[in-house]
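Heads up, the thing below is written out as structure tokens.
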Amino acid sequence: MRFLLLALVLALPAHAQDAAAVLDTYRDQVERPSRTTIAPVIEALATSGDPAAATVLAAWADRRLAVMDDGTFVIMDGDALSDLAGQPVEGEAQPLRPNAGVRGLIASALVPFQLTDPDPAARGAARDAIARNPAPEHLPAIRGALARAADPSLSRLERLLTLRFDPDPAARVAAIESFGADQSMDLRAALNPLLATTRVATLGPPEGNVAREIPVSELGREGAYDLLVSAGLAPARLTRDAAQAALVANIADGQVAGIAVASLNTQAARDDAYSALEAAGTVPPAATEDEVDAALDSATFADVYAEPNADVTDAARAALNGIATRVGAMQAADLALDALSLASIYFLAAIGLAITFGVMRVINMAHGEFIMMGAYTGYAVQQVVPDYTLSLVVALPLAFLVTFAAGVALERLVIRHLYKRPLETLLATFGVSIMLQQLAKNIFGTQARPLTAPDWLSGSLVINDLVQVSMIRVAIFVLALLFLGLYLFIMRRTRLGLEVRAVQQNPTMAASMGISPGRINMLAFGLGSGIAGIAGVAIGLFAQVTSELGQQYIVQSFMTVVVGGVGSIFGTLAGAALIGFLQKGIEWLNPSNTLAAQTYMILFIIIFIQFRPRGIIALKGRAAGD
């Protein structure tokens, strides 16, 4: 009733009462309102034709409507009072305090006024109020507002209400089809109630808009018969204990319902005796097993739509099926973007290792610590340069220089003495790894240090409500592509790259041509370490910067290089893609156990290497001989 004439508030009758007269007529209800008695007052105000009606309703909802000692209704604005026409008045007034339920009814009555309010915020609030609690009575008010001024948001809301509440099925189907490929949550929320079903049991063909008939095997024998009982189409089942108790209670002169007790030695005889008692009215009606089977054979079970029109439910089902297909595709795209993002992180972390391990065949267990050093370099720069964008611009080249120098020092002091001795190299670099971790703890402590991203890297790149990726991941993806291009340029377009490839293929022949293998190894190791430092800055933007940061990526980095193919940058790229997509795929299949995903991924890689020991892209020619 509270919404009865909302459609008429935009075309109000000329003979209606003014707001003051309405309040005076319903004085008792206004001063002592309740949800059960206030509806006629709100309806009368909404249809009064008085321009002040909206102001009165709004003031009442805000608890600013008051009554003076002489019974005059006024509106309070702080300490000031004004009559319903807005003219100042003097005196004392007692504010009315409607409860939350009454205020909710008033707010609903205000919606038609707010839809045509010149204030955009008021119109938006009205749209939100309708969207939260849509009702059939809102449709005329929305259409009236649209007839006066076009509003895309209100037009969309009108279509959402039309597909649910319009009495014309053709209009509802047209409204459903008008959304096309839309897959927003509000559309799904409007469509789902149209496909709500009720499970029914009948003794003939089911009536109404049947969604599907259900076989007894799906419901189960007991569940199906319980539906018949609850529908009043069959008596309750007779259990053996209940039947036996009833028969024992009705033994008279050695007989039960005229049947000798001695002959009740079979289930069929006992069922006959109970049926005789049932016919005599001695015991309540109950179904025997044979009667249950007969009732189930004659009954039909079905899910019936609450929506009676089949065209509407067909259109809603088609729309939701289309949405489900598109949502599935979007979820797959979102998973693919997550996997691509993870692959770019692994690739960026492994580029340096692709040089030191892939080119130089040095097992550098301290590679993760160079990533950690780069992240701490970024943190140290932010302590000096408070502007996050500028600090990032300074940190990237500085991290390269710091880790390049550390890599050169490691190669000159330790690794160059251990070439061709992989086990000793592994042990030595593992010791360096532990030393660098402890050094970081001594300098920066054990607590995680923040490496804050600039504002333009905060948030996410939102494609739609299902597909989005963080801006930091996008930046890492771009950075990985840049370093792929830089690596290819250095290795294929510079003299350093030419000399690195020569030393990689045949160090003795390269030395005879005037190339210093020791110098090339030093520069290559420094280059790989420097790239790891830049990767550390990028990773530190979204990961916790601690002394153990590098340990989280060292295993994946080695797997990336080995699976992709030692010595091939494109193999490293393929390996990062394989591991990233594989890990995300396993996590999607088993989202509650990420540790299991890591385990399955390693098992897969072990099996993969058995069949492809040289990796996805194996080197050919002399470089493959090692």
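Each chain in the structure tokens gets a letter, A, B, ..., in the order shown, and its residues are numbered from 1; ligands are numbered from 1 in order too.
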When DSSP works through the backbone of this structure, what residues of region 316-486 of chain A end up as alpha helix (DSSP H), shown as a ChimeraX atom specification? /A:316-356,367-384,388-413,422-444,471-486
Interface rows for region 548-597 of chain A against region 472-493 of chain A: nearest pair, Å to one decimal, 10 Å, only C-alpha atoms, as JSON lines:
{"residue": "A:Ile569", "atom": "CA", "partner": "A:Leu484", "partner_atom": "CA", "distance": 7.9}
{"residue": "A:Phe570", "atom": "CA", "partner": "A:Leu484", "partner_atom": "CA", "distance": 8.8}
{"residue": "A:Leu573", "atom": "CA", "partner": "A:Leu484", "partner_atom": "CA", "distance": 8.6}
Selection above as a file: N, CA and C atoms, as a tab-separated table (two decimals), in the first residue's frame:
chain	number	residue	atom	x	y	z
A	569	ILE	N	68.23	-18.14	-24.44
A	569	ILE	CA	67.36	-17.16	-23.80
A	569	ILE	C	65.90	-17.43	-24.14
A	570	PHE	N	65.64	-17.89	-25.37
A	570	PHE	CA	64.25	-18.22	-25.72
A	570	PHE	C	63.81	-19.49	-24.99
A	573	LEU	N	62.76	-18.24	-21.68
A	573	LEU	CA	61.43	-17.67	-21.81
A	573	LEU	C	60.36	-18.76	-21.85
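Residues of region 205-338 of chain A carrying a DSSP assignment of strand (DSSP E), computed from the backbone, are Val210, Ala211, Arg212, Glu213, Gln255, Val256, Ile259, Ala260, Thr300, Phe301, Ala302, Asp303, Val304 and Tyr305 of chain A.
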Near Ala502 (chain A), within 9 Å and counting only C-alpha atoms, which residues show up once chain neighbours fewer than 6 positions away are dropped, as a VMD selection string? chain A and resid 509 to 510 515
Could you please take those selected residues and save N, CA, C and O atoms as a PDB file, in the first residue's frame?
ATOM      1  N   MET A 509      89.717 -21.736 -28.787  1.00  0.00           N
ATOM      2  CA  MET A 509      89.778 -21.069 -30.085  1.00  0.00           C
ATOM      3  C   MET A 509      89.566 -19.564 -29.926  1.00  0.00           C
ATOM      4  O   MET A 509      90.225 -18.755 -30.604  1.00  0.00           O
ATOM      5  N   ALA A 510      88.663 -19.155 -29.017  1.00  0.00           N
ATOM      6  CA  ALA A 510      88.447 -17.729 -28.794  1.00  0.00           C
ATOM      7  C   ALA A 510      89.712 -17.070 -28.270  1.00  0.00           C
ATOM      8  O   ALA A 510      90.069 -15.949 -28.664  1.00  0.00           O
ATOM      9  N   ILE A 515      90.799 -13.093 -27.839  1.00  0.00           N
ATOM     10  CA  ILE A 515      89.754 -12.820 -26.842  1.00  0.00           C
ATOM     11  C   ILE A 515      90.210 -13.377 -25.510  1.00  0.00           C
ATOM     12  O   ILE A 515      90.706 -14.509 -25.426  1.00  0.00           O
TER      13      ILE A 515
END
Would you list the contacts of Ala59 (chain A) as an MDAnalysis selection string, taking every protein, DNA or RNA residue within 10 Å and counting only C-alpha atoms, but skipping same-chain residues closer than 4 positions in sequence? chainID A and resid 53:55 63:66 74:77 84 96 106
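Residue nearest Ala171 (chain A) within the list A:Val292, A:Asp151, A:Phe525, A:Asp311: A:Asp311 [criterion: smallest interatomic distance, only C-alpha atoms].
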